[in-house]
Number of protein chains: 2
Amino acid sequence: MARWQPETTQRLVIAAVDLFTEQGYDATTVAQIAERAGVTKSTFFRHFSDKRELLVAGQETLSRLLAEGIAEAPADASPLEAVAAGLERASSAMGPTNRELGPRLKAAVAASTELQERDALKSVGLAAAMTAALLARGVPDPTAHLAAELGVLAFKRGYAQWSEDDRDDTQGLAHHALAALQDLRTATASLG
Amino acid sequence: MARWQPETTQRLVIAAVDLFTEQGYDATTVAQIAERAGVTKSTFFRHFSDKRELLVAGQETLSRLLAEGIAEAPADASPLEAVAAGLERASSAMGPTNRELGPRLKAAVAASTELQERDALKSVGLAAAMTAALLARGVPDPTAHLAAELGVLAFKRGYAQWSEDDRDDTQGLAHHALAALQDLRTATASLG
């Protein structure tokens with residue numbers, strides 16, 4: 001780990017994902033997570049209602065940033081340009097810890113139906129936040145819904161590319177998310 | 001209810017959704033569902049592993065039909081034409097009971113985070129089945145992924161329109177799902 005000291009929330013997330021990866025999600029208790037993170041159980045419960053909620057740490061923040069970026073895009077921005085602004089804003093909240101966690105999070109989710117369900121609902125939440133922000137800009141339905149779904153796909157694909165790339169991270173998540181959005185936009189021309 | 005006799009699986013689903021709507025998902029037990037459906041608890045457990053699985057009754061069938069429809073579309077069909085063939089095939093499995101259940105299912109899901117999670121993962125599963133079938137046709141990624149997501153959106157939007165329409169159902173789900181797919185296709189032109 002780098003020398004910087006993550007906040008307690010991040011420390012709990014790292015401890016949990018490490019334990020999920022080492023011994024599985026089901027076998028990991030809140031007590032173990034708290035111990036690994038060097039905090040008490042009551043500190044854990046001040047941050048999360050249960051161990052599953054750890055995996056959606058940041059979902060509310062992401063939803064808010066995506067919506068803010070969309071809302072504050074220039075008035076003449078197209079739906080996808082507004083989505084791109086949302087992705088840039090949300091990406092700014094994702095740092096080295098998020099990147100490092102990616103592959104381990106993916107492994108933990110792949111091994112647990114419960115986590116897959118929570119992860120799926122997280123995507124639904126992000127799409128809903130973006131859809132609402134686009135509708136508020138006057139983008140009609142179903143364009144708003146479609147643009148939001150492309151935004152979620154781009155964020156997930158960009159995050160995977162960012163966190164699974166072994167090279168030094170010189171460009172940040174935003175670069176990968178925007179490139180993924182552009183790929184999806186290009187792909188709309190070959191749907192037939 | 002109509003005079004035709006639904007199979008046990010459908011009878012259990014109807015009983016469960018009625019109970020979820022009347023008294024909430026959390027308060028409903030397997031014993032109550034079995035009693036309402038006029039079967040024993042052991043019969044229930046021959047059909048479903050738990051009450052939540054009731055709500056994904058048919059997911060495996062839908063995934064299979066979507067994939068089959070895509071696989072068997074003409075060789076020169078475009079990605080969205082193949083998706084349309086999948087939607088038509090899957091829609092053929094959805095009859096009056098499915099239509100009647102729609103609004104009650106929606107209410108039950110809206111009231112339960114657990115059901116929202118399961119429902120979200122169902123959509124992920126349908127998208128994965130369609131993506132795999134499109135890749136197997138030689139559709140490149142991300143076009144395959146994008147076309148599959150449009151297919152899921154179209155199926156959900158079409159199902160909502162079909163099941164929430166108070167008029168007599170003269171056209172079936174396929175009509176609504178294909179119209180929704182066409183709307184989404186048209187919307188791709190206004191993404192910017």
# chains A, B, ... in the order shown; residues from 1 in each chain; ligands from 1

call {"tool": "closest_atom_pairs", "arguments": {"of": "chain A", "to": "chain B", "cutoff": "6 Å", "atoms": "only C-alpha atoms", "output": "Markdown table"}}
result
| residue | atom | partner | partner_atom | distance |
| --- | --- | --- | --- | --- |
| A:Ser78 | CA | B:Gly192 | CA | 4.9 |
| A:Pro79 | CA | B:Leu191 | CA | 5.3 |
| A:Leu80 | CA | B:Leu191 | CA | 5.5 |
| A:Glu117 | CA | B:Glu117 | CA | 4.9 |
| A:Arg118 | CA | B:Glu117 | CA | 5.7 |
| A:Ala120 | CA | B:Ala120 | CA | 5.2 |
| A:Leu121 | CA | B:Glu117 | CA | 5.1 |
| A:Thr143 | CA | B:Ala187 | CA | 5.1 |
| A:Ala187 | CA | B:Thr143 | CA | 5.1 |
| A:Leu191 | CA | B:Pro79 | CA | 5.3 |
| A:Gly192 | CA | B:Ser78 | CA | 4.9 |

call {"tool": "select_by_dssp", "arguments": {"residues": "stretch 68-160 of chain B", "states": "helix (DSSP H, G or I)", "output": "ChimeraX atom specification"}}
result
/B:68-71,79-91,96-110,113-136,143-160

call {"tool": "residues_around", "arguments": {"residues": "A:Ser163", "least_positions_apart": "3", "cutoff": "12 Å", "atoms": "only C-alpha atoms", "output": "ChimeraX atom specification"}}
result
/A:94-106,155-160,166-169,171-173,176-177

call {"tool": "residues_around", "arguments": {"residues": "stretch 35-48 of chain B", "least_positions_apart": "3", "cutoff": "12 Å", "atoms": "only C-alpha atoms", "output": "compact mmCIF listing (two decimals) with all heavy atoms, in the first residue's frame"}}
result
# COMPACT_ATOMS: atom_id res chain seq x y z
N GLN B 5 -56.80 -23.69 -16.25
CA GLN B 5 -56.13 -24.11 -15.03
C GLN B 5 -54.62 -23.96 -15.18
O GLN B 5 -53.98 -24.73 -15.87
CB GLN B 5 -56.46 -25.60 -14.78
CG GLN B 5 -55.96 -26.11 -13.44
CD GLN B 5 -56.64 -25.42 -12.26
OE1 GLN B 5 -56.01 -24.61 -11.58
NE2 GLN B 5 -57.90 -25.71 -12.05
N PRO B 6 -54.04 -22.99 -14.53
CA PRO B 6 -52.59 -22.85 -14.69
C PRO B 6 -51.84 -24.01 -14.05
O PRO B 6 -52.33 -24.64 -13.13
CB PRO B 6 -52.28 -21.54 -13.99
CG PRO B 6 -53.42 -21.30 -13.07
CD PRO B 6 -54.61 -21.98 -13.66
N GLU B 7 -50.66 -24.26 -14.52
CA GLU B 7 -49.81 -25.27 -13.93
C GLU B 7 -49.43 -24.85 -12.50
O GLU B 7 -49.59 -23.70 -12.12
CB GLU B 7 -48.56 -25.46 -14.77
CG GLU B 7 -48.84 -25.92 -16.19
CD GLU B 7 -49.51 -27.29 -16.23
OE1 GLU B 7 -49.16 -28.14 -15.39
OE2 GLU B 7 -50.37 -27.50 -17.08
N THR B 8 -48.90 -25.79 -11.78
CA THR B 8 -48.57 -25.53 -10.38
C THR B 8 -47.61 -24.36 -10.22
O THR B 8 -47.78 -23.50 -9.33
CB THR B 8 -47.95 -26.79 -9.74
OG1 THR B 8 -48.87 -27.87 -9.92
CG2 THR B 8 -47.70 -26.57 -8.26
N THR B 9 -46.60 -24.29 -11.08
CA THR B 9 -45.63 -23.20 -10.99
C THR B 9 -46.33 -21.85 -11.08
O THR B 9 -46.13 -20.96 -10.25
CB THR B 9 -44.58 -23.31 -12.11
OG1 THR B 9 -43.91 -24.55 -11.98
CG2 THR B 9 -43.57 -22.18 -12.02
N GLN B 10 -47.17 -21.72 -12.08
CA GLN B 10 -47.89 -20.44 -12.26
C GLN B 10 -48.82 -20.17 -11.09
O GLN B 10 -48.95 -19.03 -10.67
CB GLN B 10 -48.69 -20.48 -13.56
CG GLN B 10 -47.81 -20.23 -14.79
CD GLN B 10 -48.64 -19.91 -16.02
OE1 GLN B 10 -49.70 -20.51 -16.22
NE2 GLN B 10 -48.17 -19.00 -16.83
N ARG B 11 -49.46 -21.24 -10.58
CA ARG B 11 -50.38 -21.04 -9.46
C ARG B 11 -49.62 -20.53 -8.24
O ARG B 11 -50.11 -19.66 -7.50
CB ARG B 11 -51.10 -22.36 -9.15
CG ARG B 11 -52.50 -22.15 -8.64
CD ARG B 11 -53.35 -23.39 -8.84
NE ARG B 11 -52.91 -24.49 -8.01
CZ ARG B 11 -52.78 -25.75 -8.42
NH1 ARG B 11 -53.07 -26.07 -9.68
NH2 ARG B 11 -52.40 -26.68 -7.60
N LEU B 12 -48.42 -21.07 -8.03
CA LEU B 12 -47.60 -20.60 -6.90
C LEU B 12 -47.18 -19.14 -7.09
O LEU B 12 -47.19 -18.35 -6.14
CB LEU B 12 -46.37 -21.50 -6.75
CG LEU B 12 -46.63 -22.87 -6.11
CD1 LEU B 12 -45.44 -23.81 -6.34
CD2 LEU B 12 -46.91 -22.72 -4.61
N VAL B 13 -46.84 -18.80 -8.31
CA VAL B 13 -46.41 -17.41 -8.57
C VAL B 13 -47.57 -16.45 -8.32
O VAL B 13 -47.41 -15.41 -7.67
CB VAL B 13 -45.88 -17.27 -10.01
CG1 VAL B 13 -45.64 -15.79 -10.35
CG2 VAL B 13 -44.60 -18.06 -10.20
N ILE B 14 -48.74 -16.81 -8.82
CA ILE B 14 -49.91 -15.94 -8.61
C ILE B 14 -50.22 -15.79 -7.13
O ILE B 14 -50.45 -14.68 -6.63
CB ILE B 14 -51.13 -16.51 -9.37
CG1 ILE B 14 -50.90 -16.41 -10.87
CG2 ILE B 14 -52.41 -15.79 -8.96
CD1 ILE B 14 -51.90 -17.21 -11.71
N ALA B 15 -50.21 -16.91 -6.41
CA ALA B 15 -50.50 -16.86 -4.97
C ALA B 15 -49.49 -15.97 -4.26
O ALA B 15 -49.85 -15.16 -3.39
CB ALA B 15 -50.48 -18.27 -4.39
N ALA B 16 -48.21 -16.13 -4.62
CA ALA B 16 -47.17 -15.36 -3.94
C ALA B 16 -47.32 -13.87 -4.21
O ALA B 16 -47.25 -13.05 -3.27
CB ALA B 16 -45.80 -15.84 -4.41
N VAL B 17 -47.53 -13.52 -5.46
CA VAL B 17 -47.61 -12.09 -5.78
C VAL B 17 -48.85 -11.48 -5.14
O VAL B 17 -48.81 -10.34 -4.65
CB VAL B 17 -47.57 -11.88 -7.31
CG1 VAL B 17 -47.83 -10.42 -7.66
CG2 VAL B 17 -46.21 -12.31 -7.86
N ASP B 18 -49.95 -12.24 -5.10
CA ASP B 18 -51.13 -11.74 -4.41
C ASP B 18 -50.82 -11.46 -2.94
O ASP B 18 -51.19 -10.41 -2.39
CB ASP B 18 -52.27 -12.76 -4.51
CG ASP B 18 -52.96 -12.70 -5.87
OD1 ASP B 18 -52.69 -11.76 -6.65
OD2 ASP B 18 -53.78 -13.60 -6.16
N LEU B 19 -50.13 -12.39 -2.29
CA LEU B 19 -49.81 -12.22 -0.87
C LEU B 19 -48.81 -11.08 -0.66
O LEU B 19 -48.93 -10.31 0.28
CB LEU B 19 -49.26 -13.53 -0.29
CG LEU B 19 -50.32 -14.61 -0.06
CD1 LEU B 19 -49.68 -15.99 0.12
CD2 LEU B 19 -51.16 -14.26 1.18
N PHE B 20 -47.81 -10.99 -1.54
CA PHE B 20 -46.84 -9.88 -1.43
C PHE B 20 -47.57 -8.55 -1.50
O PHE B 20 -47.25 -7.60 -0.78
CB PHE B 20 -45.81 -9.93 -2.57
CG PHE B 20 -44.90 -11.13 -2.56
CD1 PHE B 20 -44.18 -11.48 -3.70
CD2 PHE B 20 -44.76 -11.93 -1.44
CE1 PHE B 20 -43.33 -12.57 -3.71
CE2 PHE B 20 -43.92 -13.04 -1.43
CZ PHE B 20 -43.20 -13.36 -2.58
N THR B 28 -44.68 -12.39 4.21
CA THR B 28 -45.25 -13.57 3.55
C THR B 28 -44.33 -14.77 3.71
O THR B 28 -43.13 -14.68 3.46
CB THR B 28 -45.46 -13.26 2.05
OG1 THR B 28 -46.38 -12.17 1.93
CG2 THR B 28 -46.02 -14.47 1.33
N THR B 29 -44.91 -15.88 4.15
CA THR B 29 -44.11 -17.10 4.35
C THR B 29 -44.39 -18.10 3.23
O THR B 29 -45.41 -18.04 2.54
CB THR B 29 -44.46 -17.78 5.69
OG1 THR B 29 -45.84 -18.23 5.61
CG2 THR B 29 -44.30 -16.80 6.84
N VAL B 30 -43.46 -19.05 3.10
CA VAL B 30 -43.64 -20.13 2.13
C VAL B 30 -44.92 -20.91 2.45
O VAL B 30 -45.67 -21.30 1.56
CB VAL B 30 -42.40 -21.05 2.13
CG1 VAL B 30 -42.70 -22.35 1.39
CG2 VAL B 30 -41.21 -20.33 1.48
N ALA B 31 -45.17 -21.12 3.75
CA ALA B 31 -46.37 -21.88 4.15
C ALA B 31 -47.63 -21.18 3.66
O ALA B 31 -48.57 -21.83 3.16
CB ALA B 31 -46.39 -22.04 5.67
N GLN B 32 -47.66 -19.85 3.78
CA GLN B 32 -48.84 -19.10 3.32
C GLN B 32 -49.01 -19.19 1.81
O GLN B 32 -50.13 -19.32 1.30
CB GLN B 32 -48.71 -17.62 3.72
CG GLN B 32 -48.84 -17.38 5.22
CD GLN B 32 -48.47 -15.95 5.61
OE1 GLN B 32 -47.70 -15.29 4.90
NE2 GLN B 32 -48.99 -15.47 6.72
N LYS B 51 -38.80 -18.14 -1.37
CA LYS B 51 -39.87 -17.29 -1.90
C LYS B 51 -39.35 -16.28 -2.91
O LYS B 51 -40.06 -15.86 -3.81
CB LYS B 51 -40.63 -16.59 -0.77
CG LYS B 51 -39.81 -15.57 0.02
CD LYS B 51 -40.68 -14.89 1.09
CE LYS B 51 -39.82 -13.97 1.95
NZ LYS B 51 -40.57 -13.23 2.96
N ARG B 52 -38.09 -15.89 -2.76
CA ARG B 52 -37.55 -14.91 -3.69
C ARG B 52 -37.43 -15.49 -5.09
O ARG B 52 -37.63 -14.79 -6.09
CB ARG B 52 -36.18 -14.42 -3.20
CG ARG B 52 -35.65 -13.28 -4.03
CD ARG B 52 -34.50 -12.58 -3.36
NE ARG B 52 -33.47 -13.51 -2.96
CZ ARG B 52 -32.25 -13.15 -2.59
NH1 ARG B 52 -31.94 -11.87 -2.55
NH2 ARG B 52 -31.35 -14.03 -2.24
N GLU B 53 -37.10 -16.78 -5.16
CA GLU B 53 -36.92 -17.41 -6.47
C GLU B 53 -38.21 -17.41 -7.29
O GLU B 53 -38.18 -17.51 -8.51
CB GLU B 53 -36.39 -18.83 -6.31
CG GLU B 53 -34.91 -18.89 -5.98
CD GLU B 53 -34.06 -18.09 -6.96
OE1 GLU B 53 -34.20 -18.25 -8.19
OE2 GLU B 53 -33.28 -17.26 -6.49
N LEU B 54 -39.32 -17.30 -6.57
CA LEU B 54 -40.60 -17.20 -7.27
C LEU B 54 -40.60 -16.07 -8.29
O LEU B 54 -41.22 -16.16 -9.35
CB LEU B 54 -41.70 -16.88 -6.26
CG LEU B 54 -42.37 -18.08 -5.61
CD1 LEU B 54 -43.06 -17.63 -4.36
CD2 LEU B 54 -43.37 -18.65 -6.61
N LEU B 55 -39.94 -14.99 -7.91
CA LEU B 55 -40.02 -13.80 -8.75
C LEU B 55 -39.15 -13.90 -9.97
O LEU B 55 -39.21 -13.06 -10.86
CB LEU B 55 -39.65 -12.57 -7.93
CG LEU B 55 -40.70 -12.24 -6.88
CD1 LEU B 55 -40.38 -10.92 -6.23
CD2 LEU B 55 -42.08 -12.17 -7.51
N VAL B 56 -38.30 -14.90 -10.01
CA VAL B 56 -37.50 -15.07 -11.22
C VAL B 56 -37.96 -16.31 -11.97
O VAL B 56 -37.25 -16.80 -12.84
CB VAL B 56 -36.00 -15.13 -10.92
CG1 VAL B 56 -35.53 -13.76 -10.49
CG2 VAL B 56 -35.68 -16.14 -9.86
N ALA B 57 -39.14 -16.81 -11.58
CA ALA B 57 -39.70 -17.93 -12.33
C ALA B 57 -39.68 -17.56 -13.79
O ALA B 57 -40.14 -16.50 -14.18
CB ALA B 57 -41.12 -18.20 -11.88
N GLY B 58 -39.10 -18.38 -14.58
CA GLY B 58 -39.10 -18.09 -15.99
C GLY B 58 -37.87 -17.39 -16.49
O GLY B 58 -37.69 -17.26 -17.70

call {"tool": "residues_around", "arguments": {"residues": "A:Arg137", "least_positions_apart": "6", "cutoff": "9 Å", "atoms": "only C-alpha atoms", "output": "PDB file with N, CA, C and O atoms, in the first residue's frame"}}
result
ATOM      1  N   ILE A  70     -23.973  16.106 -15.172  1.00  0.00           N
ATOM      2  CA  ILE A  70     -24.970  16.212 -16.245  1.00  0.00           C
ATOM      3  C   ILE A  70     -25.720  17.539 -16.134  1.00  0.00           C
ATOM      4  O   ILE A  70     -25.915  18.248 -17.127  1.00  0.00           O
ATOM      5  N   ALA A  71     -26.116  17.889 -14.912  1.00  0.00           N
ATOM      6  CA  ALA A  71     -26.898  19.110 -14.711  1.00  0.00           C
ATOM      7  C   ALA A  71     -26.106  20.357 -15.107  1.00  0.00           C
ATOM      8  O   ALA A  71     -26.674  21.323 -15.621  1.00  0.00           O
ATOM      9  N   ALA A  75     -25.603  24.327 -21.736  1.00  0.00           N
ATOM     10  CA  ALA A  75     -27.001  24.183 -22.145  1.00  0.00           C
ATOM     11  C   ALA A  75     -27.127  23.540 -23.520  1.00  0.00           C
ATOM     12  O   ALA A  75     -28.106  22.851 -23.802  1.00  0.00           O
ATOM     13  N   PRO A  79     -27.157  14.990 -25.386  1.00  0.00           N
ATOM     14  CA  PRO A  79     -27.331  14.029 -24.288  1.00  0.00           C
ATOM     15  C   PRO A  79     -26.039  13.285 -23.940  1.00  0.00           C
ATOM     16  O   PRO A  79     -25.675  13.200 -22.761  1.00  0.00           O
TER      17      PRO A  79
END
